[in-house]
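Next comes protein.txt, a file with compact mmCIF, C-alpha atoms and all ligand atoms.
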```
# COMPACT_ATOMS: atom_id res chain seq x y z
CA MET A 1 -76.12 16.23 87.86
CA SER A 2 -79.10 16.33 85.50
CA ARG A 3 -77.21 17.74 82.54
CA PHE A 4 -76.58 15.32 79.66
CA ILE A 5 -74.82 16.30 76.44
CA PRO A 6 -74.98 13.59 73.78
CA LEU A 7 -72.14 12.68 71.45
CA SER A 8 -74.04 12.87 68.18
CA ILE A 9 -77.80 12.83 67.61
CA PRO A 10 -79.94 13.44 64.53
CA ASN A 11 -81.23 16.93 63.74
CA PHE A 12 -84.69 17.28 62.18
CA GLU A 13 -85.18 21.04 62.11
CA GLY A 14 -86.28 21.22 58.47
CA ASN A 15 -88.88 19.66 56.17
CA GLU A 16 -88.46 16.07 57.40
CA LYS A 17 -91.96 15.64 58.76
CA LYS A 18 -93.56 17.33 55.77
CA TYR A 19 -91.85 15.11 53.19
CA VAL A 20 -92.30 11.87 55.15
CA ASP A 21 -96.02 12.67 55.61
CA ASP A 22 -96.21 13.32 51.90
CA ALA A 23 -94.63 9.95 51.06
CA LEU A 24 -97.05 8.26 53.45
CA GLU A 25 -100.06 10.04 52.00
CA GLN A 26 -99.07 9.06 48.49
CA GLY A 27 -98.65 5.48 49.65
CA TRP A 28 -95.12 5.24 48.23
CA VAL A 29 -93.21 3.82 51.18
CA SER A 30 -91.08 1.08 49.66
CA THR A 31 -88.34 0.84 47.02
CA GLY A 32 -90.20 2.88 44.39
CA GLY A 33 -91.21 6.54 44.44
CA ALA A 34 -90.20 10.04 43.40
CA TYR A 35 -88.24 10.88 46.56
CA ILE A 36 -85.62 8.24 45.75
CA THR A 37 -84.80 9.81 42.40
CA LYS A 38 -84.96 13.28 43.93
CA PHE A 39 -82.55 12.25 46.67
CA GLU A 40 -80.13 10.78 44.13
CA GLU A 41 -80.28 14.04 42.14
CA ARG A 42 -79.65 16.18 45.23
CA MET A 43 -76.69 14.03 46.23
CA ALA A 44 -75.24 14.14 42.71
CA GLU A 45 -75.58 17.95 42.55
CA PHE A 46 -74.00 18.39 45.95
CA LEU A 47 -71.07 16.09 45.12
CA HIS A 48 -70.60 17.59 41.64
CA THR A 49 -70.95 14.17 40.09
CA ASP A 50 -73.37 12.79 37.52
CA HIS A 51 -74.25 9.50 39.08
CA VAL A 52 -75.52 8.36 42.48
CA ALA A 53 -77.41 5.20 43.42
CA ALA A 54 -79.28 5.33 46.73
CA CYS A 55 -79.29 2.15 48.75
CA GLN A 56 -80.23 0.71 52.08
CA SER A 57 -77.11 1.36 54.16
CA GLY A 58 -73.48 2.32 54.01
CA THR A 59 -72.63 -1.34 54.42
CA SER A 60 -74.68 -2.33 51.36
CA ALA A 61 -73.12 0.59 49.43
CA LEU A 62 -69.68 -0.82 50.23
CA HIS A 63 -70.75 -4.37 49.38
CA LEU A 64 -72.16 -3.32 45.99
CA SER A 65 -68.96 -1.35 45.28
CA LEU A 66 -66.86 -4.45 45.89
CA VAL A 67 -69.14 -6.57 43.70
CA GLU A 68 -68.93 -3.99 40.90
CA ALA A 69 -65.16 -3.70 41.35
CA GLY A 70 -64.99 -7.40 40.54
CA VAL A 71 -63.81 -8.61 43.95
CA ARG A 72 -64.13 -12.37 43.86
CA PRO A 73 -63.55 -15.26 46.29
CA GLY A 74 -59.84 -15.63 46.97
CA ASP A 75 -58.93 -12.05 45.98
CA VAL A 76 -57.00 -9.82 48.37
CA VAL A 77 -58.44 -6.44 49.38
CA LEU A 78 -56.29 -3.96 51.31
CA VAL A 79 -58.18 -2.41 54.22
CA PRO A 80 -57.68 -0.21 57.31
CA PRO A 81 -57.52 -1.69 60.82
CA LEU A 82 -58.66 1.44 62.71
CA THR A 83 -62.21 2.16 61.64
CA PHE A 84 -65.77 0.89 61.96
CA ILE A 85 -65.90 -2.83 61.12
CA ALA A 86 -68.57 -2.30 58.41
CA ALA A 87 -65.81 -0.97 56.15
CA VAL A 88 -64.19 -4.41 56.14
CA ASN A 89 -67.00 -6.95 56.58
CA PRO A 90 -68.14 -6.71 52.92
CA VAL A 91 -64.71 -8.07 51.90
CA LYS A 92 -65.70 -11.22 53.78
CA TYR A 93 -69.16 -11.23 52.17
CA GLN A 94 -67.28 -11.68 48.88
CA PHE A 95 -65.14 -14.49 50.39
CA ALA A 96 -62.09 -12.34 49.71
CA THR A 97 -59.09 -11.90 52.02
CA PRO A 98 -58.50 -8.60 53.82
CA VAL A 99 -54.93 -7.44 54.49
CA PHE A 100 -54.67 -4.64 57.04
CA ILE A 101 -52.56 -1.56 56.18
CA ASP A 102 -51.62 0.97 58.88
CA CYS A 103 -52.95 4.52 59.23
CA ASP A 104 -51.05 7.82 59.33
CA ASP A 105 -51.63 10.68 61.78
CA SER A 106 -54.98 11.48 60.13
CA PHE A 107 -56.21 7.97 61.22
CA CYS A 108 -56.72 7.28 57.50
CA MET A 109 -54.68 4.74 55.52
CA ASP A 110 -51.00 5.62 55.21
CA PRO A 111 -50.23 5.71 51.46
CA ASN A 112 -46.53 5.13 52.15
CA LYS A 113 -47.27 1.89 53.97
CA LEU A 114 -49.66 0.96 51.17
CA ARG A 115 -46.89 1.56 48.64
CA ARG A 116 -44.35 -0.35 50.69
CA PHE A 117 -46.69 -3.34 51.00
CA CYS A 118 -47.27 -3.45 47.23
CA GLU A 119 -43.58 -2.95 46.50
CA GLU A 120 -42.01 -5.29 49.05
CA GLU A 121 -44.61 -7.98 49.67
CA CYS A 122 -46.34 -8.33 46.29
CA LYS A 123 -45.43 -9.14 42.68
CA LEU A 124 -46.70 -7.18 39.68
CA LYS A 125 -47.16 -9.42 36.62
CA LYS A 126 -48.42 -7.46 33.60
CA ASP A 127 -51.46 -5.59 34.93
CA THR A 128 -52.14 -7.70 38.01
CA LEU A 129 -50.68 -7.49 41.48
CA PHE A 130 -50.25 -10.75 43.37
CA TYR A 131 -49.81 -11.40 47.07
CA ARG A 132 -48.83 -14.98 47.93
CA GLY A 133 -50.39 -16.11 44.65
CA GLN A 134 -53.68 -14.28 45.23
CA THR A 135 -54.83 -11.33 43.09
CA VAL A 136 -54.78 -8.01 44.95
CA ARG A 137 -57.93 -6.52 43.47
CA ALA A 138 -58.76 -3.42 45.45
CA VAL A 139 -58.07 -1.08 48.33
CA VAL A 140 -60.72 0.29 50.67
CA VAL A 141 -59.79 3.66 52.20
CA VAL A 142 -61.89 5.32 54.90
CA HIS A 143 -62.17 9.10 55.32
CA VAL A 144 -62.12 8.73 59.09
CA PHE A 145 -64.27 11.21 61.09
CA GLY A 146 -64.65 13.39 57.99
CA ASN A 147 -60.94 13.79 57.42
CA MET A 148 -59.81 13.38 53.81
CA VAL A 149 -57.54 10.44 53.04
CA ASP A 150 -54.35 11.53 51.26
CA MET A 151 -56.06 10.71 47.97
CA VAL A 152 -53.29 12.19 45.81
CA SER A 153 -50.85 9.57 47.06
CA VAL A 154 -53.38 6.74 47.29
CA MET A 155 -54.46 7.24 43.66
CA GLU A 156 -50.85 7.28 42.54
CA VAL A 157 -50.07 3.97 44.29
CA ALA A 158 -53.34 2.40 43.11
CA GLY A 159 -52.61 3.47 39.54
CA LYS A 160 -49.15 2.00 39.60
CA TYR A 161 -50.35 -1.35 40.97
CA HIS A 162 -53.70 -1.56 39.15
CA LEU A 163 -55.86 -1.56 42.25
CA LYS A 164 -59.50 -0.48 42.27
CA VAL A 165 -60.04 2.26 44.85
CA ILE A 166 -63.15 2.14 47.00
CA GLU A 167 -63.62 5.23 49.15
CA ASP A 168 -65.59 4.70 52.32
CA ALA A 169 -66.94 8.26 52.59
CA THR A 170 -69.63 7.26 55.07
CA GLU A 171 -68.30 9.79 57.60
CA ALA A 172 -67.19 12.42 55.12
CA LEU A 173 -70.18 13.70 53.16
CA GLY A 174 -69.19 17.25 52.17
CA THR A 175 -65.44 16.94 52.76
CA HIS A 176 -63.56 18.19 49.71
CA TYR A 177 -60.17 19.35 48.46
CA THR A 178 -59.63 23.11 48.24
CA GLU A 179 -56.11 22.94 46.82
CA GLY A 180 -53.98 20.81 44.53
CA MET A 181 -54.83 18.50 41.66
CA TYR A 182 -58.15 17.49 43.26
CA ALA A 183 -59.30 21.01 44.22
CA GLY A 184 -63.11 21.02 44.23
CA LYS A 185 -63.33 17.21 44.36
CA TYR A 186 -65.40 15.61 47.11
CA ALA A 187 -64.54 12.59 49.24
CA GLY A 188 -66.15 9.63 47.52
CA THR A 189 -65.75 11.01 43.99
CA ILE A 190 -62.02 10.56 43.45
CA GLY A 191 -61.54 6.78 43.44
CA ASP A 192 -63.39 4.20 41.36
CA PHE A 193 -66.24 3.98 43.88
CA GLY A 194 -67.49 6.04 46.81
CA ALA A 195 -69.83 4.81 49.56
CA PHE A 196 -71.96 7.02 51.82
CA SER A 197 -74.04 6.26 54.91
CA PHE A 198 -77.12 7.95 56.35
CA ASN A 199 -77.27 5.99 59.58
CA GLY A 200 -78.59 7.85 62.62
CA ASN A 201 -75.18 9.02 63.81
CA LYS A 202 -73.92 10.38 60.47
CA ILE A 203 -73.95 14.05 59.38
CA ILE A 204 -77.30 13.54 57.67
CA THR A 205 -79.59 10.61 58.32
CA THR A 206 -82.39 8.71 56.61
CA GLY A 207 -82.83 6.46 59.64
CA GLY A 208 -80.75 3.92 57.80
CA GLY A 209 -79.51 4.39 54.28
CA GLY A 210 -76.58 4.69 51.94
CA ALA A 211 -75.46 5.71 48.48
CA VAL A 212 -72.83 4.81 45.91
CA THR A 213 -71.01 6.97 43.42
CA ALA A 214 -68.57 5.76 40.77
CA ASN A 215 -66.31 7.34 38.20
CA LYS A 216 -68.24 5.48 35.49
CA GLY A 217 -71.97 6.17 35.07
CA LYS A 218 -72.53 2.66 33.76
CA ALA A 219 -71.17 1.20 36.98
CA VAL A 220 -73.68 3.20 39.03
CA ASP A 221 -76.53 2.07 36.77
CA HIS A 222 -75.43 -1.53 37.20
CA ILE A 223 -75.21 -1.09 40.96
CA ARG A 224 -78.77 0.29 40.99
CA TYR A 225 -79.87 -2.72 38.99
CA LEU A 226 -78.15 -5.15 41.37
CA SER A 227 -79.73 -3.36 44.36
CA THR A 228 -83.24 -4.04 43.02
CA GLN A 229 -82.91 -7.83 42.67
CA ALA A 230 -81.35 -7.55 39.17
CA LYS A 231 -84.76 -7.42 37.58
CA ASP A 232 -84.44 -7.13 33.80
CA ASP A 233 -88.04 -6.82 32.79
CA PRO A 234 -90.93 -4.83 34.26
CA HIS A 235 -93.49 -7.61 33.82
CA ASP A 236 -92.03 -11.04 33.23
CA TYR A 237 -89.63 -11.47 36.15
CA ILE A 238 -86.53 -12.01 34.07
CA HIS A 239 -83.32 -11.97 36.16
CA ASN A 240 -80.00 -12.36 34.37
CA GLU A 241 -77.81 -11.90 37.43
CA ILE A 242 -77.84 -12.48 41.18
CA GLY A 243 -79.31 -9.35 42.70
CA TYR A 244 -79.76 -7.95 46.18
CA ASN A 245 -82.56 -6.28 48.12
CA TYR A 246 -80.40 -3.23 48.81
CA ARG A 247 -82.44 -0.32 47.44
CA MET A 248 -83.27 2.73 49.55
CA THR A 249 -86.99 3.13 50.32
CA ASN A 250 -89.04 6.20 49.38
CA PHE A 251 -89.69 6.76 53.10
CA GLN A 252 -85.97 6.97 53.81
CA ALA A 253 -85.45 9.15 50.73
CA ALA A 254 -88.15 11.60 51.85
CA LEU A 255 -86.19 12.10 55.05
CA GLY A 256 -83.01 12.33 52.99
CA VAL A 257 -84.29 15.09 50.67
CA ALA A 258 -85.10 17.20 53.75
CA GLN A 259 -81.71 16.47 55.30
CA MET A 260 -79.88 17.43 52.09
CA GLU A 261 -81.53 20.88 52.33
CA GLU A 262 -79.90 21.30 55.74
CA LEU A 263 -76.52 19.72 55.04
CA PRO A 264 -74.65 22.99 54.31
CA GLU A 265 -75.90 24.44 57.61
CA PHE A 266 -74.91 21.25 59.51
CA ILE A 267 -71.41 21.48 58.04
CA ARG A 268 -71.19 25.16 58.95
CA ARG A 269 -72.16 24.43 62.57
CA LYS A 270 -69.79 21.47 62.88
CA ASN A 271 -66.98 23.74 61.69
CA SER A 272 -67.75 26.67 63.97
CA ASN A 273 -68.20 24.35 66.96
CA TYR A 274 -64.85 22.76 66.19
CA ASP A 275 -63.22 26.22 66.09
CA LEU A 276 -64.64 27.02 69.52
CA TYR A 277 -63.36 23.71 70.95
CA MET A 278 -59.96 24.50 69.46
CA LYS A 279 -59.82 27.78 71.40
CA LEU A 280 -60.94 26.07 74.59
CA PHE A 281 -58.36 23.27 74.38
CA GLU A 282 -55.51 25.61 73.43
CA GLY A 283 -52.52 25.03 75.68
CA PHE A 284 -54.17 22.08 77.48
CA GLU A 285 -51.30 19.83 78.51
CA MET A 286 -53.17 16.54 78.82
CA GLY A 287 -54.85 16.34 75.47
CA LYS A 288 -54.57 17.77 71.98
CA LEU A 289 -57.46 18.48 69.62
CA VAL A 290 -56.71 16.54 66.42
CA SER A 291 -56.69 18.65 63.26
CA PHE A 292 -57.89 17.95 59.73
CA ARG A 293 -55.83 17.68 56.55
CA GLU A 294 -54.47 20.88 55.07
CA GLY A 295 -55.70 21.83 51.63
CA THR A 296 -59.13 20.38 52.35
CA ALA A 297 -62.43 21.60 53.79
CA SER A 298 -63.74 18.89 56.12
CA ASN A 299 -67.34 18.33 57.22
CA LYS A 300 -65.76 17.96 60.71
CA TRP A 301 -68.20 15.19 61.53
CA PHE A 302 -66.42 13.97 64.67
CA TYR A 303 -63.90 15.65 66.95
CA SER A 304 -60.99 13.81 68.55
CA LEU A 305 -58.83 14.54 71.54
CA GLU A 306 -55.48 12.78 71.65
CA ILE A 307 -54.90 11.95 75.30
CA ASN A 308 -51.35 12.48 76.54
CA LYS A 309 -50.66 9.15 78.21
CA ASP A 310 -47.45 10.39 79.81
CA LYS A 311 -49.52 12.69 81.99
CA ILE A 312 -52.56 10.53 82.78
CA LYS A 313 -52.95 7.27 84.64
CA ALA A 314 -56.36 5.99 83.58
CA SER A 315 -57.79 3.67 80.96
CA MET A 316 -60.08 5.04 78.25
CA ARG A 317 -62.94 3.22 79.99
CA GLU A 318 -62.27 5.09 83.26
CA ILE A 319 -62.11 8.43 81.45
CA ILE A 320 -65.36 7.79 79.58
CA ASP A 321 -67.14 6.68 82.79
CA ALA A 322 -65.92 9.75 84.68
CA LEU A 323 -67.25 12.02 81.94
CA GLU A 324 -70.57 10.15 81.79
CA LYS A 325 -71.01 11.01 85.49
CA ARG A 326 -70.39 14.65 84.60
CA GLY A 327 -73.14 14.52 81.97
CA VAL A 328 -70.86 14.42 78.94
CA GLN A 329 -71.14 11.50 76.53
CA THR A 330 -67.81 10.47 74.99
CA ARG A 331 -66.43 7.37 73.31
CA ALA A 332 -63.16 5.74 72.45
CA ILE A 333 -62.06 5.30 68.84
CA TRP A 334 -62.72 1.74 67.62
CA GLY A 335 -61.09 -1.49 68.69
CA LEU A 336 -58.68 -2.68 65.98
CA ILE A 337 -60.53 -4.77 63.41
CA ASN A 338 -57.61 -7.19 62.98
CA GLU A 339 -57.97 -8.05 66.68
CA GLN A 340 -61.68 -8.96 66.43
CA ILE A 341 -62.39 -12.72 66.50
CA PRO A 342 -63.41 -13.13 62.81
CA TYR A 343 -60.20 -11.37 61.69
CA ARG A 344 -57.51 -12.73 63.97
CA GLY A 345 -56.09 -15.04 61.29
CA GLU A 346 -55.58 -12.27 58.74
CA ILE A 347 -52.37 -10.43 57.86
CA ALA A 348 -51.82 -7.06 59.54
CA TYR A 349 -48.88 -5.36 57.82
CA LYS A 350 -46.51 -3.51 60.17
CA LEU A 351 -49.14 -1.78 62.30
CA GLU A 352 -47.69 0.96 64.50
CA LYS A 353 -49.91 4.03 64.42
CA ALA A 354 -53.24 2.20 64.50
CA PRO A 355 -52.63 0.57 67.91
CA TYR A 356 -51.07 3.83 69.16
CA TYR A 357 -54.14 5.89 68.34
CA ALA A 358 -56.58 3.14 69.34
CA ALA A 359 -55.32 3.60 72.92
CA ARG A 360 -55.37 7.41 72.94
CA ILE A 361 -58.31 8.92 71.05
CA LEU A 362 -61.39 10.25 72.80
CA ASN A 363 -64.39 11.49 70.79
CA PHE A 364 -66.65 14.05 72.46
CA PRO A 365 -69.94 15.82 71.63
CA SER A 366 -70.13 17.14 68.06
CA THR A 367 -73.87 17.22 67.62
CA THR A 368 -75.23 20.06 65.43
CA GLN A 369 -77.72 21.28 68.09
CA ILE A 370 -75.07 21.84 70.76
CA THR A 371 -74.99 25.39 72.15
CA GLU A 372 -71.95 27.56 72.82
CA ASP A 373 -72.61 27.26 76.54
CA GLU A 374 -72.70 23.46 76.28
CA ILE A 375 -69.43 23.39 74.35
CA LYS A 376 -67.76 25.41 77.11
CA TYR A 377 -69.21 23.03 79.66
CA VAL A 378 -67.94 19.96 77.74
CA ALA A 379 -64.41 21.35 77.43
CA GLU A 380 -64.36 22.31 81.11
CA GLN A 381 -65.59 18.88 82.23
CA ILE A 382 -63.06 17.06 80.04
CA LYS A 383 -60.22 19.15 81.48
CA GLU A 384 -61.36 18.68 85.07
CA ALA A 385 -61.95 14.94 84.65
CA LEU A 386 -58.54 14.37 83.05
CA ARG A 387 -56.81 16.41 85.77
CA THR A 388 -58.24 14.06 88.43
CA PHE A 389 -56.23 11.31 86.70
CA ALA A 390 -52.96 13.29 86.56
CA ILE A 391 -49.80 11.34 87.28
C1 LIG B 401 -71.26 4.13 59.52
C2 LIG B 401 -70.12 3.51 58.82
C3 LIG B 401 -70.31 2.44 57.93
C4 LIG B 401 -71.60 1.73 57.74
O1 LIG B 401 -72.70 2.45 57.40
P1 LIG B 401 -74.15 1.87 57.75
O2 LIG B 401 -75.06 2.81 57.04
O3 LIG B 401 -74.31 1.88 59.22
O4 LIG B 401 -74.24 0.49 57.19
C5 LIG B 401 -69.20 1.96 57.24
N1 LIG B 401 -67.98 2.48 57.44
C6 LIG B 401 -67.76 3.48 58.31
C7 LIG B 401 -66.38 4.01 58.46
C8 LIG B 401 -68.82 4.01 59.05
O5 LIG B 401 -68.57 4.99 59.94
```

Translate this structure into structure tokens?
Ligand SMILES: *Cc1c(COP(=O)(O)O)cnc(C)c1O
Amino acid sequence: MSRFIPLSIPNFEGNEKKYVDDALEQGWVSTGGAYITKFEERMAEFLHTDHVAACQSGTSALHLSLVEAGVRPGDVVLVPPLTFIAAVNPVKYQFATPVFIDCDDSFCMDPNKLRRFCEEECKLKKDTLFYRGQTVRAVVVVHVFGNMVDMVSVMEVAGKYHLKVIEDATEALGTHYTEGMYAGKYAGTIGDFGAFSFNGNKIITTGGGGAVTANKGKAVDHIRYLSTQAKDDPHDYIHNEIGYNYRMTNFQAALGVAQMEELPEFIRRKNSNYDLYMKLFEGFEMGKLVSFREGTASNKWFYSLEINKDKIKASMREIIDALEKRGVQTRAIWGLINEQIPYRGEIAYKLEKAPYYAARILNFPSTTQITEDEIKYVAEQIKEALRTFAI
């Protein structure tokens, strides 16, 4: 079969080439140039926030957020086990200790488990929470696949226990609340810090890139300063802090400005494609299309099918291979981070749902260029392939 439908590929239907050519012609290709500022402005407008710092990757955005949040060696940072490992690695860059907190049915951190951990395992002394004598400084929550974390509950717990909240919104650019106390608020703009990624597989891409928002403008300015080697003086090379080479380049930003023009259309397509999949999987007994949180509008970046293991005798690997042969690219959700070699010694607090979903979730094509005909083909192939594994 010659047909091949990819999981998620970049879409350059707009002004990408024009703006990148322009940056090249002007000779501004590195960490200075007008496209960087323009990109920051476009992001800020879109997110209804005043402050955005563009940087080199989602990972560096998360690292700078932790630095700015004051995470120091020996601190504890509460993190999710079921996500991409880049959400957690920056905790280690700061020589801090991650503690893994379980997810709920949205695959995002379960605020009730977070609360229970703080309540039952930690001690609050004045304004500081301690776990086994170490300061619990922050919590990193990930808006998995574009689904909003239950931020109402997370912010309540974090407020009570004086934790800084870092939102990993790398998969959730555009996801926002439509109801409740955060109506109109975007993922990444509710906690103390929000990190975004523009890697090739994300909803918009700059090749590689990221951005940080924060609830305090000063914090974003300081992050921008840290990302450009903490240079205090335009001429004399004065550096009063340890900086990083984490700034976005003008080349990347040129691509980003073009992608921001298309973002609303990408979100619209992701949503209408999801609706079509929902119709096609209706009543399917071997797998259920996973929904997004009520009271929010999601960017629907990635779609998930929860495989019914009572009806299928096959590993995820076998399912993915069978679909590859049928020309449909799929993938499993991630391996649990607490089970990866560098993290095996860390505390994982009462994990139940994370291992459950790790064994059952299949992601399938959600690319913005996919046609209606291709979506029907994908759904048909998934159903047929799973039925060959019926118990
Ligand atoms: C993509 C991603 C990152 C990292 O972003 P990069 O730009 O690739 O560094 C971090 N966390 C999550 C959840 C991601 O999906």

Kindly compile the residues surrounding ligand LIG 401 (chain B) within 10 Å, counting only C-alpha atoms and all ligand atoms, and format them as an mmCIF file with C-alpha atoms, in the frame of the given file.
```cif
data_model
loop_
_atom_site.group_PDB
_atom_site.id
_atom_site.type_symbol
_atom_site.label_atom_id
_atom_site.label_comp_id
_atom_site.auth_asym_id
_atom_site.auth_seq_id
_atom_site.Cartn_x
_atom_site.Cartn_y
_atom_site.Cartn_z
ATOM 1 C CA CYS A 55 -79.290 2.150 48.750
ATOM 2 C CA GLN A 56 -80.230 0.710 52.080
ATOM 3 C CA SER A 57 -77.110 1.360 54.160
ATOM 4 C CA GLY A 58 -73.480 2.320 54.010
ATOM 5 C CA THR A 59 -72.630 -1.340 54.420
ATOM 6 C CA SER A 60 -74.680 -2.330 51.360
ATOM 7 C CA ALA A 61 -73.120 0.590 49.430
ATOM 8 C CA LEU A 62 -69.680 -0.820 50.230
ATOM 9 C CA HIS A 63 -70.750 -4.370 49.380
ATOM 10 C CA PRO A 80 -57.680 -0.210 57.310
ATOM 11 C CA LEU A 82 -58.660 1.440 62.710
ATOM 12 C CA THR A 83 -62.210 2.160 61.640
ATOM 13 C CA PHE A 84 -65.770 0.890 61.960
ATOM 14 C CA ILE A 85 -65.900 -2.830 61.120
ATOM 15 C CA ALA A 86 -68.570 -2.300 58.410
ATOM 16 C CA ALA A 87 -65.810 -0.970 56.150
ATOM 17 C CA VAL A 88 -64.190 -4.410 56.140
ATOM 18 C CA ASN A 89 -67.000 -6.950 56.580
ATOM 19 C CA PRO A 90 -68.140 -6.710 52.920
ATOM 20 C CA VAL A 141 -59.790 3.660 52.200
ATOM 21 C CA VAL A 142 -61.890 5.320 54.900
ATOM 22 C CA HIS A 143 -62.170 9.100 55.320
ATOM 23 C CA VAL A 144 -62.120 8.730 59.090
ATOM 24 C CA PHE A 145 -64.270 11.210 61.090
ATOM 25 C CA GLY A 146 -64.650 13.390 57.990
ATOM 26 C CA GLU A 167 -63.620 5.230 49.150
ATOM 27 C CA ASP A 168 -65.590 4.700 52.320
ATOM 28 C CA ALA A 169 -66.940 8.260 52.590
ATOM 29 C CA THR A 170 -69.630 7.260 55.070
ATOM 30 C CA GLU A 171 -68.300 9.790 57.600
ATOM 31 C CA ALA A 172 -67.190 12.420 55.120
ATOM 32 C CA ALA A 195 -69.830 4.810 49.560
ATOM 33 C CA PHE A 196 -71.960 7.020 51.820
ATOM 34 C CA SER A 197 -74.040 6.260 54.910
ATOM 35 C CA PHE A 198 -77.120 7.950 56.350
ATOM 36 C CA ASN A 199 -77.270 5.990 59.580
ATOM 37 C CA GLY A 200 -78.590 7.850 62.620
ATOM 38 C CA ASN A 201 -75.180 9.020 63.810
ATOM 39 C CA LYS A 202 -73.920 10.380 60.470
ATOM 40 C CA THR A 205 -79.590 10.610 58.320
ATOM 41 C CA THR A 206 -82.390 8.710 56.610
ATOM 42 C CA GLY A 207 -82.830 6.460 59.640
ATOM 43 C CA GLY A 208 -80.750 3.920 57.800
ATOM 44 C CA GLY A 209 -79.510 4.390 54.280
ATOM 45 C CA GLY A 210 -76.580 4.690 51.940
ATOM 46 C CA ALA A 211 -75.460 5.710 48.480
#
```

Counting only C-alpha atoms, which residues of stretch 299-352 of chain A fall within 9 Å of stretch 93-112 of chain A, and what is the closest atom pair for each with its distance in Å at one decimal, ordered by chain and rising number, as a tab-separated table?
```
residue	atom	partner	partner_atom	distance
A:Ile337	CA	A:Phe100	CA	8.7
A:Asn338	CA	A:Phe100	CA	7.1
A:Tyr343	CA	A:Pro98	CA	8.5
A:Glu346	CA	A:Val99	CA	6.5
A:Ile347	CA	A:Val99	CA	5.2
A:Ala348	CA	A:Phe100	CA	4.5
A:Tyr349	CA	A:Ile101	CA	5.5
A:Lys350	CA	A:Asp102	CA	6.9
A:Leu351	CA	A:Asp102	CA	5.0
A:Glu352	CA	A:Asp102	CA	6.9
```

Using C-alpha atoms, can you export the residues from the last selection as a JSON list (two decimals), keeping the file's coordinate frame?
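Generated file (selection-v8.json):
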```json
[["chain", "number", "residue", "atom", "x", "y", "z"],
["A", 337, "ILE", "CA", -60.53, -4.77, 63.41],
["A", 338, "ASN", "CA", -57.61, -7.19, 62.98],
["A", 343, "TYR", "CA", -60.20, -11.37, 61.69],
["A", 346, "GLU", "CA", -55.58, -12.27, 58.74],
["A", 347, "ILE", "CA", -52.37, -10.43, 57.86],
["A", 348, "ALA", "CA", -51.82, -7.06, 59.54],
["A", 349, "TYR", "CA", -48.88, -5.36, 57.82],
["A", 350, "LYS", "CA", -46.51, -3.51, 60.17],
["A", 351, "LEU", "CA", -49.14, -1.78, 62.30],
["A", 352, "GLU", "CA", -47.69, 0.96, 64.50]]
```

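Omitting A:Lys270 and its sequence neighbours fewer than 3 positions away, and counting all atoms listed in the file, the residues within 6 Å are Ile267, Asn273 and Lys300 of chain A.
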
Point-to-point distance in Å for atom CA of A:Arg331 and atom CA of A:Glu372: 20.9 Å

For stretch 249-332 of chain A against stretch 17-27 of chain A, with a cut-off of 12 Å and counting all atoms listed in the file, what is the closest atom pair and its distance in Å to one decimal for every residue that makes the cut, ordered by chain and number, as JSON lines?
```
{"residue": "A:Thr249", "atom": "CA", "partner": "A:Ala23", "partner_atom": "CA", "distance": 10.3}
{"residue": "A:Asn250", "atom": "CA", "partner": "A:Ala23", "partner_atom": "CA", "distance": 6.9}
{"residue": "A:Phe251", "atom": "CA", "partner": "A:Val20", "partner_atom": "CA", "distance": 6.1}
{"residue": "A:Gln252", "atom": "CA", "partner": "A:Val20", "partner_atom": "CA", "distance": 8.1}
{"residue": "A:Ala253", "atom": "CA", "partner": "A:Val20", "partner_atom": "CA", "distance": 8.6}
{"residue": "A:Ala254", "atom": "CA", "partner": "A:Tyr19", "partner_atom": "CA", "distance": 5.3}
{"residue": "A:Leu255", "atom": "CA", "partner": "A:Val20", "partner_atom": "CA", "distance": 6.1}
{"residue": "A:Gly256", "atom": "CA", "partner": "A:Tyr19", "partner_atom": "CA", "distance": 9.3}
{"residue": "A:Val257", "atom": "CA", "partner": "A:Tyr19", "partner_atom": "CA", "distance": 8.0}
{"residue": "A:Ala258", "atom": "CA", "partner": "A:Tyr19", "partner_atom": "CA", "distance": 7.1}
{"residue": "A:Gln259", "atom": "CA", "partner": "A:Tyr19", "partner_atom": "CA", "distance": 10.4}
{"residue": "A:Glu261", "atom": "CA", "partner": "A:Tyr19", "partner_atom": "CA", "distance": 11.9}
```

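Omitting stretch 307-321 of chain A and its sequence neighbours fewer than 2 positions away, and counting only C-alpha atoms, the residues within 9 Å are Glu285, Met286, Gly287, Lys288, Leu305, Leu323, Glu324, Lys325, Arg326, Val328, Gln329, Thr330, Arg331, Ala332, Ala359, Arg360, Ile361, Leu362, Ile382, Ala385, Leu386, Arg387, Thr388, Phe389, Ala390 and Ile391 of chain A.
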
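Shortest separation to A:Ser153 among A:Glu45, A:Trp28, A:Gly174, A:Met181 occurs at residue A:Met181, atoms counted being only C-alpha atoms.
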
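With all atoms listed in the file as the atoms that count, the residue of A:Ala230, A:Ala358, A:Val378, A:Ala183 with the shortest distance to A:Leu280 is A:Val378.
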